[in-house]
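Below is one structure, written out as C-alpha cells; comments come after it.
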Amino acid sequence: MILEFSIQNYRSFKEEYCFSLVADTSKSKGKNVFEQRLGNNDTIRILNSAVIYGPNASGKSNLLKAFNTLQDIVISSVSLGDTIEQYDPFLFNLTTVKAPSIFTLTFIGPSEYKYIYHIEYNSFSILEEYLDYYPKSQKRNLFKRTRNDGKIHEVKLGQDYNGRTLKVFNNQSVLTKFGTEEPEELLSHVYLYFKKELVFYKDDDSNHLDIKKQIFESRTLQKRLKHLIKIADTRISDFNFGLLIRSDNDKEHQYLNQGTHTVYDGRKIVGLKDLDFEQESKGTNVLSLLGAQILIALEKGGILLIDEIDTSLHPKLAKFLVMLFQNTHANPKNAQLIFTTHETTFLDKDIFRKDQIWFVEKNEYGESELFSVQDFDGVREDTPFEKWYLAGKFGSLPNIQEIEFIFDNE
C-alpha cells in the first residue's frame, strides 16, 4: 500500500511535490478509508483511491509515469557502463537539465512494516539511495548508498546485517541486486513489492495480451468479467474465452474473446451468435480489458494506476468501476486505485473525500504544480466540488482563447 510519493526534477515537475494517500482525521465517507495495522502494532488510516485532474499537458500523466519510472529503475537489470535510460529531468531550466531526479516512496511492504525508499540519479549514476523501515516504533536503516564517482559503489547495509558492505554497479539500484543476484529474505521481498504490487494499465498490445492471458487462466475472473459486462448494458449475454493459437512463446499466443448476442426474426428470438471482440465497439473492448485489470487488482490487492480512466467509457460506468474500490465486499484486500481524468462528474461529493482529490497545473515557467482540495481554505466535505472546480476556484482548468483567435491576422 502506498502512503506517500514525492518527486523532484522529473519531466514537467521541477520542484519537489508530495502525493499522499494517508487519510486525514475526517470521518466522512468511511468506506473510502481502511485502517491498516502495521507490523509494529501501530495503525494508520489509508485512502483506497485518489483522482487527479488537470488540463491537457499539465503534467498529471507525468505523475503516474513517475511511479512507473521508479519501478523500472528498481526492477531493470543493467550492465556496467550503461546509461540510465529512465533519467528524464525538467528541461526548461538550466539549473535542472543535468541535476539529479529524486524519488521518495513511503509504503507498507513485507511483514506489514512501513518503509521509506529514496533514490537520486542522473543519466550516468545512482547518486544516493537508502531504504529505511519501522519494525518497531523507531526507524531502522536497511541500506544506504552515498555519492561516489567510481564505477563500482560500496553500499553499507544497516545494523540488521551487522554493517556489512555490498558492491553494486554505479548505475544499478541496490534493490535490483537483491532481486536478481543476492537473494535475502527481507530485501528481496521489497524488490518483489516494486515488481508486483505496482500495476499500470496501458492501452497497448503487450498489456492487452497479458490481461487476456490472465482471463484465460482464471475461471473466477471469467465469471466476474461476464457479470461486469452484463450489468454494463452492452447487450452481450455471454462470453467465450479460449486460446486461438498456442505458441512456444507466451507473448505470441493469440486468445479468443467472443461476445454472445441474441439473434431475432422480427421480435422473435431464433438463436445466438458469437462475435469476435474485434467487431465489438471501442467502449466494449475497453470495458473488457480495463474491467478485467480492475477485477484482478481487487482480487490480488496492490496498487493500480490508470491514465484517463474514462476514455471510451460512459461516465456512469467509469464511476461504477471506481466505486468498486470503495466497497469492502468487492475490495477485501484493500487494493488502491490512482487515476487521472477530465470527467468532472467524479467530483461528486458523495464519491470522494476532499483528501482524495488532486490537481496538476503548469505555472508561467512551464513547471507542473501539484496540490489537493485540502490546500484550499473554506472547503468542507459537503462542498460541491464539481461546481467549485468548473467555476475556477481550484484552478487547474484550461485557459482557452476565443474562436476568432485561430483566424486572426490571416
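In the C-alpha cells, each chain is lettered A, B, ... as it comes, each chain's residues begin at 1, and ligands are numbered from 1 in order of appearance.
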
Can you pull out the residues contacting stretch 41-54 of chain A? Cut-off 6 Å, using only C-alpha atoms, and skip same-chain residues under 6 positions away; I want them as an mmCIF file with N, CA, C and O atoms, in the first residue's frame.
```
data_model
loop_
_atom_site.group_PDB
_atom_site.id
_atom_site.type_symbol
_atom_site.label_atom_id
_atom_site.label_comp_id
_atom_site.auth_asym_id
_atom_site.auth_seq_id
_atom_site.Cartn_x
_atom_site.Cartn_y
_atom_site.Cartn_z
ATOM 1 N N LEU A 21 -1.598 9.362 0.092
ATOM 2 C CA LEU A 21 -2.796 8.544 0.246
ATOM 3 C C LEU A 21 -3.066 8.252 1.723
ATOM 4 O O LEU A 21 -3.804 7.314 2.050
ATOM 5 N N VAL A 22 -2.470 9.052 2.589
ATOM 6 C CA VAL A 22 -2.763 8.950 4.018
ATOM 7 C C VAL A 22 -4.030 9.747 4.300
ATOM 8 O O VAL A 22 -4.125 10.929 3.935
ATOM 9 N N ALA A 23 -5.013 9.122 4.916
ATOM 10 C CA ALA A 23 -6.290 9.786 5.183
ATOM 11 C C ALA A 23 -6.149 10.782 6.327
ATOM 12 O O ALA A 23 -5.420 10.547 7.296
ATOM 13 N N ASN A 32 -14.259 4.876 2.091
ATOM 14 C CA ASN A 32 -13.134 5.301 1.261
ATOM 15 C C ASN A 32 -11.805 5.177 1.991
ATOM 16 O O ASN A 32 -10.757 5.480 1.433
ATOM 17 N N VAL A 33 -11.861 4.748 3.244
ATOM 18 C CA VAL A 33 -10.675 4.660 4.090
ATOM 19 C C VAL A 33 -10.601 3.268 4.692
ATOM 20 O O VAL A 33 -11.620 2.682 5.057
ATOM 21 N N PHE A 34 -9.403 2.720 4.792
ATOM 22 C CA PHE A 34 -9.234 1.492 5.547
ATOM 23 C C PHE A 34 -8.128 1.699 6.585
ATOM 24 O O PHE A 34 -7.200 2.479 6.386
ATOM 25 N N GLU A 35 -8.276 1.028 7.682
ATOM 26 C CA GLU A 35 -7.304 1.139 8.764
ATOM 27 C C GLU A 35 -6.369 -0.057 8.715
ATOM 28 O O GLU A 35 -6.817 -1.204 8.803
ATOM 29 N N GLN A 336 -5.551 -0.343 -3.973
ATOM 30 C CA GLN A 336 -5.648 1.103 -4.138
ATOM 31 C C GLN A 336 -5.692 1.462 -5.618
ATOM 32 O O GLN A 336 -5.046 0.819 -6.450
ATOM 33 N N LEU A 337 -6.451 2.508 -5.925
ATOM 34 C CA LEU A 337 -6.592 2.998 -7.297
ATOM 35 C C LEU A 337 -6.162 4.454 -7.354
ATOM 36 O O LEU A 337 -6.637 5.282 -6.574
ATOM 37 N N ILE A 338 -5.263 4.763 -8.289
ATOM 38 C CA ILE A 338 -4.861 6.136 -8.573
ATOM 39 C C ILE A 338 -5.114 6.364 -10.055
ATOM 40 O O ILE A 338 -4.618 5.606 -10.892
ATOM 41 N N PHE A 339 -5.892 7.397 -10.395
ATOM 42 C CA PHE A 339 -6.218 7.593 -11.801
ATOM 43 C C PHE A 339 -6.330 9.069 -12.140
ATOM 44 O O PHE A 339 -6.567 9.912 -11.280
ATOM 45 N N THR A 340 -6.158 9.360 -13.422
ATOM 46 C CA THR A 340 -6.370 10.708 -13.937
ATOM 47 C C THR A 340 -7.648 10.724 -14.766
ATOM 48 O O THR A 340 -8.099 9.689 -15.276
ATOM 49 N N THR A 341 -8.212 11.914 -14.911
ATOM 50 C CA THR A 341 -9.435 12.053 -15.703
ATOM 51 C C THR A 341 -9.681 13.522 -16.009
ATOM 52 O O THR A 341 -9.138 14.412 -15.346
ATOM 53 N N GLN A 356 -8.956 13.029 -1.249
ATOM 54 C CA GLN A 356 -8.759 12.117 -2.386
ATOM 55 C C GLN A 356 -8.647 12.850 -3.714
ATOM 56 O O GLN A 356 -8.357 12.214 -4.732
ATOM 57 N N ILE A 357 -8.878 14.154 -3.726
ATOM 58 C CA ILE A 357 -8.960 14.907 -4.983
ATOM 59 C C ILE A 357 -7.719 15.770 -5.150
ATOM 60 O O ILE A 357 -7.405 16.616 -4.304
ATOM 61 N N TRP A 358 -7.004 15.563 -6.264
ATOM 62 C CA TRP A 358 -5.749 16.260 -6.544
ATOM 63 C C TRP A 358 -5.832 16.979 -7.887
ATOM 64 O O TRP A 358 -6.591 16.579 -8.780
ATOM 65 N N PHE A 359 -5.015 18.018 -8.024
ATOM 66 C CA PHE A 359 -4.956 18.803 -9.256
ATOM 67 C C PHE A 359 -3.499 19.026 -9.660
ATOM 68 O O PHE A 359 -2.612 19.127 -8.813
ATOM 69 N N VAL A 360 -3.291 19.101 -10.974
ATOM 70 C CA VAL A 360 -1.985 19.472 -11.531
ATOM 71 C C VAL A 360 -2.206 20.596 -12.529
ATOM 72 O O VAL A 360 -3.125 20.544 -13.342
ATOM 73 N N GLU A 361 -1.388 21.623 -12.451
ATOM 74 C CA GLU A 361 -1.422 22.685 -13.449
ATOM 75 C C GLU A 361 -0.006 23.211 -13.663
ATOM 76 O O GLU A 361 0.873 23.018 -12.815
ATOM 77 N N SER A 396 -6.460 24.846 -12.199
ATOM 78 C CA SER A 396 -6.236 23.605 -12.951
ATOM 79 C C SER A 396 -7.252 23.400 -14.073
ATOM 80 O O SER A 396 -7.617 22.279 -14.406
#
```

Fill in: Who sits within 9 Å of A:Lys212, only C-alpha atoms, same chain under 6 positions skipped, as a ChimeraX atom specification
/A:241,254-257,289,292

Take the residues that were just selected and, keeping C-alpha atoms, output them as a short mmCIF file (atom, residue, chain, number, x, y, z; two decimals), in the first residue's frame.
```cif
data_model
loop_
_atom_site.label_atom_id
_atom_site.label_comp_id
_atom_site.auth_asym_id
_atom_site.auth_seq_id
_atom_site.Cartn_x
_atom_site.Cartn_y
_atom_site.Cartn_z
CA PHE A 241 -12.74 -17.32 -23.72
CA GLN A 254 -3.45 -15.49 -29.62
CA TYR A 255 -6.51 -15.53 -27.40
CA LEU A 256 -10.12 -15.90 -28.48
CA ASN A 257 -12.58 -13.49 -26.88
CA LEU A 289 -9.72 -5.18 -20.73
CA ALA A 292 -10.51 -7.29 -16.15
#
```

Worksheet item: Please, what distance in Å, to one decimal, runs between atom CA of A:Val263 and atom CA of A:Arg224?
Response: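 About the pair atom CA of A:Val263 and atom CA of A:Arg224: they are 24.5 Å apart.
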
Worksheet entry | One-decimal distance in Å that lies between atom CA of A:Leu209 and atom CA of A:Asp233 |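 Computing it gives 25.0 Å between the two atoms.
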
Worksheet item: For A:Lys65, which of A:Arg11, A:Lys387, A:Lys114, A:Lys27 is the closest residue, counting only C-alpha atoms?
Response: A:Arg11

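With distances restricted to only C-alpha atoms, A:Ser101 is the closest residue to A:Ala66 from A:Asp375, A:Ser101, A:Arg219, A:Leu295.
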
Worksheet item: Which residues come within 6 Å of A:Thr260, counting only C-alpha atoms, excluding same-chain residues fewer than 5 positions away, as a PyMOL selection string?
Response: chain A and resi 236-239+273-274

Fill in: Filtered DSSP result for stretch 190-258 of chain A, state strand (DSSP E or B), as a count of residues only
17
